[in-house]
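Q: This is the content of target.pdb (PDB, C-alpha atoms):
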```pdb
MODEL        1
ATOM      1  CA  MET A  22      28.147 -16.424  -8.617  1.00  0.00           C
ATOM      2  CA  ILE A  23      27.734 -13.000  -6.965  1.00  0.00           C
ATOM      3  CA  ALA A  24      27.661 -11.190 -10.326  1.00  0.00           C
ATOM      4  CA  GLU A  25      25.035 -13.667 -11.523  1.00  0.00           C
ATOM      5  CA  MET A  26      22.905 -12.973  -8.438  1.00  0.00           C
ATOM      6  CA  GLY A  27      22.935  -9.278  -9.242  1.00  0.00           C
ATOM      7  CA  ASN A  28      21.767  -9.900 -12.792  1.00  0.00           C
ATOM      8  CA  ALA A  29      19.407 -12.846 -12.405  1.00  0.00           C
ATOM      9  CA  CYS A  30      18.243 -12.860  -8.790  1.00  0.00           C
ATOM     10  CA  LEU A  31      14.489 -12.287  -8.462  1.00  0.00           C
ATOM     11  CA  LEU A  32      15.007 -10.437  -5.200  1.00  0.00           C
ATOM     12  CA  MET A  33      17.354  -7.917  -6.813  1.00  0.00           C
ATOM     13  CA  ARG A  34      15.107  -7.442  -9.840  1.00  0.00           C
ATOM     14  CA  THR A  35      11.825  -7.123  -7.946  1.00  0.00           C
ATOM     15  CA  ARG A  36      13.350  -4.657  -5.467  1.00  0.00           C
ATOM     16  CA  LEU A  37      14.642  -2.572  -8.387  1.00  0.00           C
ATOM     17  CA  ILE A  38      11.190  -2.552 -10.000  1.00  0.00           C
ATOM     18  CA  SER A  39       9.576  -1.717  -6.662  1.00  0.00           C
ATOM     19  CA  ARG A  40      11.913   1.222  -6.000  1.00  0.00           C
ATOM     20  CA  VAL A  41      11.406   2.689  -9.469  1.00  0.00           C
ATOM     21  CA  ILE A  42       7.597   2.326  -9.408  1.00  0.00           C
ATOM     22  CA  THR A  43       7.501   3.696  -5.847  1.00  0.00           C
ATOM     23  CA  GLY A  44       9.573   6.669  -7.002  1.00  0.00           C
ATOM     24  CA  ILE A  45       7.088   7.397  -9.779  1.00  0.00           C
ATOM     25  CA  TYR A  46       4.194   7.444  -7.305  1.00  0.00           C
ATOM     26  CA  ASP A  47       6.149   9.412  -4.695  1.00  0.00           C
ATOM     27  CA  LYS A  48       6.933  12.115  -7.260  1.00  0.00           C
ATOM     28  CA  GLN A  49       3.299  12.390  -8.358  1.00  0.00           C
ATOM     29  CA  LEU A  50       1.961  12.430  -4.760  1.00  0.00           C
ATOM     30  CA  ARG A  51       4.575  14.874  -3.414  1.00  0.00           C
ATOM     31  CA  SER A  52       2.348  17.947  -3.879  1.00  0.00           C
ATOM     32  CA  LEU A  53      -0.191  16.350  -1.524  1.00  0.00           C
ATOM     33  CA  SER A  54       2.468  15.767   1.165  1.00  0.00           C
ATOM     34  CA  ILE A  55       1.829  12.029   1.190  1.00  0.00           C
ATOM     35  CA  SER A  56       4.186   9.208   0.289  1.00  0.00           C
ATOM     36  CA  SER A  57       3.299   6.229  -1.854  1.00  0.00           C
ATOM     37  CA  ALA A  58       3.514   4.000   1.244  1.00  0.00           C
ATOM     38  CA  GLN A  59       1.054   6.209   3.133  1.00  0.00           C
ATOM     39  CA  PHE A  60      -1.214   6.354   0.086  1.00  0.00           C
ATOM     40  CA  ALA A  61      -1.177   2.548  -0.235  1.00  0.00           C
ATOM     41  CA  LEU A  62      -2.012   2.199   3.460  1.00  0.00           C
ATOM     42  CA  LEU A  63      -4.977   4.578   3.198  1.00  0.00           C
ATOM     43  CA  VAL A  64      -6.289   2.690   0.171  1.00  0.00           C
ATOM     44  CA  ALA A  65      -5.879  -0.597   2.072  1.00  0.00           C
ATOM     45  CA  ILE A  66      -7.752   0.783   5.074  1.00  0.00           C
ATOM     46  CA  TYR A  67     -10.518   1.959   2.752  1.00  0.00           C
ATOM     47  CA  GLN A  68     -10.730  -1.523   1.200  1.00  0.00           C
ATOM     48  CA  VAL A  69     -10.973  -3.492   4.459  1.00  0.00           C
ATOM     49  CA  GLN A  70     -12.435  -1.022   6.972  1.00  0.00           C
ATOM     50  CA  PRO A  71     -13.341  -1.369   9.687  1.00  0.00           C
ATOM     51  CA  ALA A  72     -10.309  -3.519  10.367  1.00  0.00           C
ATOM     52  CA  THR A  73      -7.876  -4.137  13.172  1.00  0.00           C
ATOM     53  CA  ARG A  74      -4.188  -3.412  12.814  1.00  0.00           C
ATOM     54  CA  ALA A  75      -3.548  -7.128  12.369  1.00  0.00           C
ATOM     55  CA  GLU A  76      -6.127  -7.401   9.581  1.00  0.00           C
ATOM     56  CA  ILE A  77      -4.651  -4.406   7.769  1.00  0.00           C
ATOM     57  CA  GLY A  78      -1.150  -5.830   8.169  1.00  0.00           C
ATOM     58  CA  ARG A  79      -2.207  -9.196   6.744  1.00  0.00           C
ATOM     59  CA  HIS A  80      -4.029  -7.520   3.866  1.00  0.00           C
ATOM     60  CA  GLN A  81      -0.923  -5.508   2.944  1.00  0.00           C
ATOM     61  CA  HIS A  82       1.665  -8.159   3.916  1.00  0.00           C
ATOM     62  CA  LEU A  83       3.285  -5.630   6.254  1.00  0.00           C
ATOM     63  CA  ASP A  84       5.287  -6.533   9.320  1.00  0.00           C
ATOM     64  CA  ARG A  85       4.128  -5.082  12.613  1.00  0.00           C
ATOM     65  CA  SER A  86       6.777  -2.383  12.935  1.00  0.00           C
ATOM     66  CA  THR A  87       6.271  -1.059   9.394  1.00  0.00           C
ATOM     67  CA  LEU A  88       2.506  -1.037   9.841  1.00  0.00           C
ATOM     68  CA  THR A  89       2.818   0.728  13.209  1.00  0.00           C
ATOM     69  CA  ARG A  90       5.097   3.401  11.717  1.00  0.00           C
ATOM     70  CA  HIS A  91       2.742   4.104   8.804  1.00  0.00           C
ATOM     71  CA  LEU A  92      -0.393   3.983  10.942  1.00  0.00           C
ATOM     72  CA  LYS A  93       1.106   6.405  13.452  1.00  0.00           C
ATOM     73  CA  MET A  94       1.416   8.990  10.693  1.00  0.00           C
ATOM     74  CA  ALA A  95      -2.079   8.323   9.327  1.00  0.00           C
ATOM     75  CA  LEU A  96      -3.598   8.637  12.797  1.00  0.00           C
ATOM     76  CA  SER A  97      -1.621  11.755  13.745  1.00  0.00           C
ATOM     77  CA  GLU A  98      -2.500  13.482  10.457  1.00  0.00           C
ATOM     78  CA  GLY A  99      -6.175  12.702  11.045  1.00  0.00           C
ATOM     79  CA  TRP A 100      -6.450  10.557   7.907  1.00  0.00           C
ATOM     80  CA  ALA A 101      -7.587   7.547   9.941  1.00  0.00           C
ATOM     81  CA  GLU A 102      -8.950   6.930  13.407  1.00  0.00           C
ATOM     82  CA  GLU A 103      -9.434   4.110  15.849  1.00  0.00           C
ATOM     83  CA  SER A 104     -13.081   3.431  16.493  1.00  0.00           C
ATOM     84  CA  ARG A 105     -14.510   2.570  19.869  1.00  0.00           C
ATOM     85  CA  HIS A 106     -17.398   0.836  18.104  1.00  0.00           C
ATOM     86  CA  GLY A 107     -16.447  -2.792  17.568  1.00  0.00           C
ATOM     87  CA  ALA A 108     -13.450  -2.666  19.918  1.00  0.00           C
ATOM     88  CA  ASP A 109     -12.855  -5.906  21.796  1.00  0.00           C
ATOM     89  CA  GLY A 110     -10.579  -4.668  24.567  1.00  0.00           C
ATOM     90  CA  ARG A 111      -7.412  -5.758  22.760  1.00  0.00           C
ATOM     91  CA  SER A 112      -7.763  -3.777  19.566  1.00  0.00           C
ATOM     92  CA  ARG A 113      -9.859  -1.082  18.000  1.00  0.00           C
ATOM     93  CA  PRO A 114     -10.979  -1.125  14.397  1.00  0.00           C
ATOM     94  CA  ILE A 115      -9.386   1.519  12.202  1.00  0.00           C
ATOM     95  CA  LEU A 116     -11.391   3.607   9.762  1.00  0.00           C
ATOM     96  CA  LEU A 117     -10.604   6.369   7.314  1.00  0.00           C
ATOM     97  CA  THR A 118     -11.786   9.765   8.420  1.00  0.00           C
ATOM     98  CA  ARG A 119     -13.456  12.255   6.136  1.00  0.00           C
ATOM     99  CA  THR A 120     -10.034  13.946   5.867  1.00  0.00           C
ATOM    100  CA  GLY A 121      -8.469  10.645   4.751  1.00  0.00           C
ATOM    101  CA  THR A 122     -11.201   9.994   2.214  1.00  0.00           C
ATOM    102  CA  ASP A 123     -10.891  13.551   0.886  1.00  0.00           C
ATOM    103  CA  LEU A 124      -7.130  13.096   0.575  1.00  0.00           C
ATOM    104  CA  LEU A 125      -7.618   9.933  -1.491  1.00  0.00           C
ATOM    105  CA  ARG A 126     -10.031  11.794  -3.748  1.00  0.00           C
ATOM    106  CA  LYS A 127      -7.540  14.660  -4.160  1.00  0.00           C
ATOM    107  CA  ALA A 128      -4.824  12.110  -4.948  1.00  0.00           C
ATOM    108  CA  GLU A 129      -6.773  10.592  -7.826  1.00  0.00           C
ATOM    109  CA  PRO A 130      -5.193  12.739 -10.600  1.00  0.00           C
ATOM    110  CA  ALA A 131      -1.693  12.126  -9.235  1.00  0.00           C
ATOM    111  CA  CYS A 132      -2.392   8.412  -8.972  1.00  0.00           C
ATOM    112  CA  ARG A 133      -3.713   8.299 -12.541  1.00  0.00           C
ATOM    113  CA  ALA A 134      -0.612  10.136 -13.796  1.00  0.00           C
ATOM    114  CA  ALA A 135       1.639   7.700 -11.925  1.00  0.00           C
ATOM    115  CA  GLU A 136      -0.303   4.767 -13.389  1.00  0.00           C
ATOM    116  CA  VAL A 137       0.299   6.060 -16.918  1.00  0.00           C
ATOM    117  CA  GLN A 138       4.037   6.391 -16.257  1.00  0.00           C
ATOM    118  CA  ALA A 139       4.319   3.009 -14.525  1.00  0.00           C
ATOM    119  CA  LYS A 140       2.361   1.235 -17.266  1.00  0.00           C
ATOM    120  CA  ALA A 141       4.519   2.837 -19.948  1.00  0.00           C
ATOM    121  CA  LEU A 142       7.633   1.639 -18.125  1.00  0.00           C
ATOM    122  CA  LEU A 143       6.363  -1.920 -17.602  1.00  0.00           C
ATOM    123  CA  GLY A 144       4.689  -2.348 -20.982  1.00  0.00           C
ATOM    124  CA  GLU A 145       1.486  -4.285 -21.550  1.00  0.00           C
ATOM    125  CA  ASP A 146       3.037  -7.686 -20.833  1.00  0.00           C
ATOM    126  CA  GLY A 147       4.709  -6.377 -17.672  1.00  0.00           C
ATOM    127  CA  VAL A 148       1.478  -4.852 -16.382  1.00  0.00           C
ATOM    128  CA  THR A 149      -0.397  -8.096 -17.040  1.00  0.00           C
ATOM    129  CA  ALA A 150       2.304 -10.123 -15.291  1.00  0.00           C
ATOM    130  CA  VAL A 151       2.374  -7.817 -12.244  1.00  0.00           C
ATOM    131  CA  MET A 152      -1.424  -7.815 -11.940  1.00  0.00           C
ATOM    132  CA  ASN A 153      -1.604 -11.617 -12.225  1.00  0.00           C
ATOM    133  CA  ILE A 154       1.145 -12.132  -9.656  1.00  0.00           C
ATOM    134  CA  ALA A 155      -0.467  -9.655  -7.244  1.00  0.00           C
ATOM    135  CA  SER A 156      -3.817 -11.428  -7.616  1.00  0.00           C
ATOM    136  CA  ARG A 157      -2.197 -14.747  -6.728  1.00  0.00           C
ATOM    137  CA  ILE A 158      -0.460 -13.212  -3.723  1.00  0.00           C
ATOM    138  CA  ALA A 159      -3.677 -11.579  -2.521  1.00  0.00           C
ATOM    139  CA  ASP A 160      -5.464 -14.941  -2.586  1.00  0.00           C
ATOM    140  CA  PRO A 161      -4.925 -16.544   0.858  1.00  0.00           C
ATOM    141  CA  GLU A 162      -5.399 -20.015  -0.664  1.00  0.00           C
ATOM    142  CA  THR A 163      -2.427 -19.476  -2.964  1.00  0.00           C
ATOM    143  CA  ILE A 164      -0.067 -18.288  -0.241  1.00  0.00           C
ATOM    144  CA  SER A 165      -0.608 -21.294   2.001  1.00  0.00           C
ATOM    145  CA  GLN A 166       0.398 -23.724  -0.763  1.00  0.00           C
TER     146      GLN A 166
ENDMDL
END
```
Written as structure tokens, that's how I'd like the structure from this file.
A:
Amino acid sequence: MIAEMGNACLLMRTRLISRVITGIYDKQLRSLSISSAQFALLVAIYQVQPATRAEIGRHQHLDRSTLTRHLKMALSEGWAEESRHGADGRSRPILLTRTGTDLLRKAEPACRAAEVQAKALLGEDGVTAVMNIASRIADPETISQ
């Protein structure tokens, strides 16, 4: 049973895929001193800004502690900032700064190189499957079912 879990368990297989793909992106982004997790967070902020921490967390399916850890770095590096405009007393919207936007632009060649490697690893059918699954997960209607 345990051996079968290691070979057929979706958790084990998806975590393996995630670690390998993350490693590809981390290697490509290393020269910019940003990790794939930080890169993904900045892209998410860009997509939903201005957004509260809770909105960003929901968008990325991140738990509070992971989001807080990644946001702390983004804020301290000056890649993102909390805005006073739109604050409701409990939370402040988070926006990318010019520095954060510039970093994403600088990361474009590294991201494209990582995409080529990841797509070659996954193959056309794998890429299509991952994109379709991610689209279903991103759809709030699908998750609640």
Q: Calculated over all atoms listed in the file, which of the candidates A:Ile23, A:Glu76, A:Ile38, A:Cys30 has the smallest distance to A:Ala139?
A: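 Comparing A:Ile23, A:Glu76, A:Ile38, A:Cys30 against A:Ala139, the winner is A:Ile38.
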Q: Between atom CA of A:Arg133 and atom CA of A:Tyr46, what is the distance, to one decimal in Å?
A: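 According to the coordinates, atom CA of A:Arg133 and atom CA of A:Tyr46 are separated by 9.5 Å.
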Q: Quick one: axis-aligned box around all listed atoms of stretch 90-100 of chain A, 4 Å on every side, centre and edge lengths in Å to one decimal, written as JSON.
A:
```
{"center_x": -0.7, "center_y": 8.4, "center_z": 10.8, "size_x": 19.5, "size_y": 18.1, "size_z": 13.8}
```
Q: Go through A:Gln59, A:Thr89, A:Gln49, A:Ser54 one by one, measure the shortest atom-to-atom distance of each to A:Val137 using only C-alpha atoms, and give the residue with the smallest value.
A: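 Of A:Gln59, A:Thr89, A:Gln49, A:Ser54, the one nearest A:Val137 is A:Gln49, counting only C-alpha atoms.
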Q: Would you work out the distance separating atom CA of A:Leu32 from atom CA of A:Ser56, expressed in Å to one decimal?
A: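 That distance, rounded to one decimal, is 23.1 Å.
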Q: Taking into account all atoms listed in the file, which residue in the set A:Ser39, A:Leu143, A:Leu117, A:Ala150 is nearest to A:Ala95?
A: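 Of all the options, A:Leu117 lies closest to A:Ala95.
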Q: From (-0.4, 12.0, -3.4), in the file's coordinates, out to 7 Å: which residues are reached, counting all atoms listed in the file? Answer as a ChimeraX atom specification.
A: /A:49-56,60,128,131-132
Q: Okay, now the selection with C-alpha atoms, as a PDB file, in the frame of the given file?
A:
```
ATOM      1  CA  GLN A  49       3.299  12.390  -8.358  1.00  0.00           C
ATOM      2  CA  LEU A  50       1.961  12.430  -4.760  1.00  0.00           C
ATOM      3  CA  ARG A  51       4.575  14.874  -3.414  1.00  0.00           C
ATOM      4  CA  SER A  52       2.348  17.947  -3.879  1.00  0.00           C
ATOM      5  CA  LEU A  53      -0.191  16.350  -1.524  1.00  0.00           C
ATOM      6  CA  SER A  54       2.468  15.767   1.165  1.00  0.00           C
ATOM      7  CA  ILE A  55       1.829  12.029   1.190  1.00  0.00           C
ATOM      8  CA  SER A  56       4.186   9.208   0.289  1.00  0.00           C
ATOM      9  CA  PHE A  60      -1.214   6.354   0.086  1.00  0.00           C
ATOM     10  CA  ALA A 128      -4.824  12.110  -4.948  1.00  0.00           C
ATOM     11  CA  ALA A 131      -1.693  12.126  -9.235  1.00  0.00           C
ATOM     12  CA  CYS A 132      -2.392   8.412  -8.972  1.00  0.00           C
TER      13      CYS A 132
END
```
Q: Could you check which of A:Ile115, A:Met94, A:Ile45, A:Ala159 is closest to A:Ala134, using only C-alpha atoms?
A: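 For A:Ala134, the nearest of the given residues is A:Ile45.
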Q: Between atom CA of A:Lys127 and atom CA of A:His91, what is the distance, to one decimal in Å?
A: 19.6 Å
Q: Can you list, as number ranges by chain, the residues that the PyMOL selection byres ((chain A and resi 75) around 12) selects here?
A: A: 66, 69, 71-74, 76-89, 92, 111-115
Q: Would you save the residues of that selection, restricted to C-alpha atoms, as a CSV table (one decimal), keeping the file's coordinate frame?
A:
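File again.csv, as written:
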```csv
chain,number,residue,atom,x,y,z
A,66,ILE,CA,-7.8,0.8,5.1
A,69,VAL,CA,-11.0,-3.5,4.5
A,71,PRO,CA,-13.3,-1.4,9.7
A,72,ALA,CA,-10.3,-3.5,10.4
A,73,THR,CA,-7.9,-4.1,13.2
A,74,ARG,CA,-4.2,-3.4,12.8
A,76,GLU,CA,-6.1,-7.4,9.6
A,77,ILE,CA,-4.7,-4.4,7.8
A,78,GLY,CA,-1.2,-5.8,8.2
A,79,ARG,CA,-2.2,-9.2,6.7
A,80,HIS,CA,-4.0,-7.5,3.9
A,81,GLN,CA,-0.9,-5.5,2.9
A,82,HIS,CA,1.7,-8.2,3.9
A,83,LEU,CA,3.3,-5.6,6.3
A,84,ASP,CA,5.3,-6.5,9.3
A,85,ARG,CA,4.1,-5.1,12.6
A,86,SER,CA,6.8,-2.4,12.9
A,87,THR,CA,6.3,-1.1,9.4
A,88,LEU,CA,2.5,-1.0,9.8
A,89,THR,CA,2.8,0.7,13.2
A,92,LEU,CA,-0.4,4.0,10.9
A,111,ARG,CA,-7.4,-5.8,22.8
A,112,SER,CA,-7.8,-3.8,19.6
A,113,ARG,CA,-9.9,-1.1,18.0
A,114,PRO,CA,-11.0,-1.1,14.4
A,115,ILE,CA,-9.4,1.5,12.2
```
Q: Starting from the PyMOL selection byres ((chain A and resi 120) around 12), expand the selection into actual residues of this file and give them as a PyMOL selection string.
A: chain A and resi 63+95-102+116-119+121-127
Q: Pick out the closest residue to A:Glu129 from this set: A:Val64, A:Ile42, A:Thr149, A:His106. Count all atoms listed in the file.
A: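 Checking each of A:Val64, A:Ile42, A:Thr149, A:His106 against A:Glu129, counting all atoms listed in the file, the winner is A:Val64.
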Q: Render stretch 37-62 of chain A from the structure in the preceding block as a file of N, CA and C atoms, as a compact mmCIF listing (two decimals), in the first residue's frame.
A:
```
# COMPACT_ATOMS: atom_id res chain seq x y z
N LEU A 37 6.08 16.49 -6.75
CA LEU A 37 7.29 16.26 -7.53
C LEU A 37 7.34 17.23 -8.72
N ILE A 38 6.25 17.29 -9.46
CA ILE A 38 6.17 18.20 -10.61
C ILE A 38 6.38 19.63 -10.16
N SER A 39 5.73 20.02 -9.08
CA SER A 39 5.86 21.38 -8.57
C SER A 39 7.29 21.72 -8.20
N ARG A 40 7.97 20.81 -7.51
CA ARG A 40 9.36 21.07 -7.10
C ARG A 40 10.28 21.20 -8.31
N VAL A 41 10.09 20.36 -9.30
CA VAL A 41 10.96 20.41 -10.48
C VAL A 41 10.70 21.69 -11.27
N ILE A 42 9.45 22.03 -11.50
CA ILE A 42 9.13 23.26 -12.25
C ILE A 42 9.61 24.48 -11.47
N THR A 43 9.39 24.49 -10.16
CA THR A 43 9.86 25.59 -9.32
C THR A 43 11.38 25.72 -9.42
N GLY A 44 12.09 24.60 -9.43
CA GLY A 44 13.54 24.62 -9.56
C GLY A 44 13.99 25.24 -10.87
N ILE A 45 13.27 24.95 -11.94
CA ILE A 45 13.59 25.53 -13.25
C ILE A 45 13.48 27.06 -13.17
N TYR A 46 12.38 27.54 -12.61
CA TYR A 46 12.17 28.99 -12.51
C TYR A 46 13.18 29.62 -11.54
N ASP A 47 13.42 28.97 -10.42
CA ASP A 47 14.39 29.50 -9.45
C ASP A 47 15.76 29.68 -10.10
N LYS A 48 16.19 28.69 -10.86
CA LYS A 48 17.49 28.77 -11.52
C LYS A 48 17.53 29.94 -12.51
N GLN A 49 16.49 30.12 -13.28
CA GLN A 49 16.47 31.19 -14.27
C GLN A 49 16.38 32.57 -13.61
N LEU A 50 15.71 32.67 -12.47
CA LEU A 50 15.50 33.97 -11.80
C LEU A 50 16.64 34.31 -10.82
N ARG A 51 17.52 33.37 -10.56
CA ARG A 51 18.57 33.56 -9.56
C ARG A 51 19.40 34.82 -9.79
N SER A 52 19.72 35.14 -11.01
CA SER A 52 20.56 36.32 -11.30
C SER A 52 19.87 37.63 -10.92
N LEU A 53 18.56 37.59 -10.76
CA LEU A 53 17.80 38.77 -10.36
C LEU A 53 17.57 38.82 -8.85
N SER A 54 18.11 37.84 -8.13
CA SER A 54 17.95 37.74 -6.68
C SER A 54 16.49 37.70 -6.25
N ILE A 55 15.71 36.93 -6.99
CA ILE A 55 14.30 36.74 -6.66
C ILE A 55 13.97 35.26 -6.84
N SER A 56 13.17 34.73 -5.94
CA SER A 56 12.77 33.33 -6.06
C SER A 56 11.51 33.22 -6.90
N SER A 57 11.21 32.01 -7.32
CA SER A 57 10.00 31.79 -8.10
C SER A 57 8.76 32.13 -7.28
N ALA A 58 8.79 31.86 -5.98
CA ALA A 58 7.64 32.20 -5.12
C ALA A 58 7.44 33.71 -5.03
N GLN A 59 8.53 34.45 -4.91
CA GLN A 59 8.44 35.91 -4.86
C GLN A 59 7.97 36.45 -6.21
N PHE A 60 8.49 35.89 -7.29
CA PHE A 60 8.08 36.29 -8.63
C PHE A 60 6.58 36.07 -8.81
N ALA A 61 6.10 34.88 -8.43
CA ALA A 61 4.68 34.57 -8.57
C ALA A 61 3.82 35.53 -7.76
N LEU A 62 4.28 35.89 -6.57
CA LEU A 62 3.54 36.83 -5.74
C LEU A 62 3.47 38.21 -6.40
```
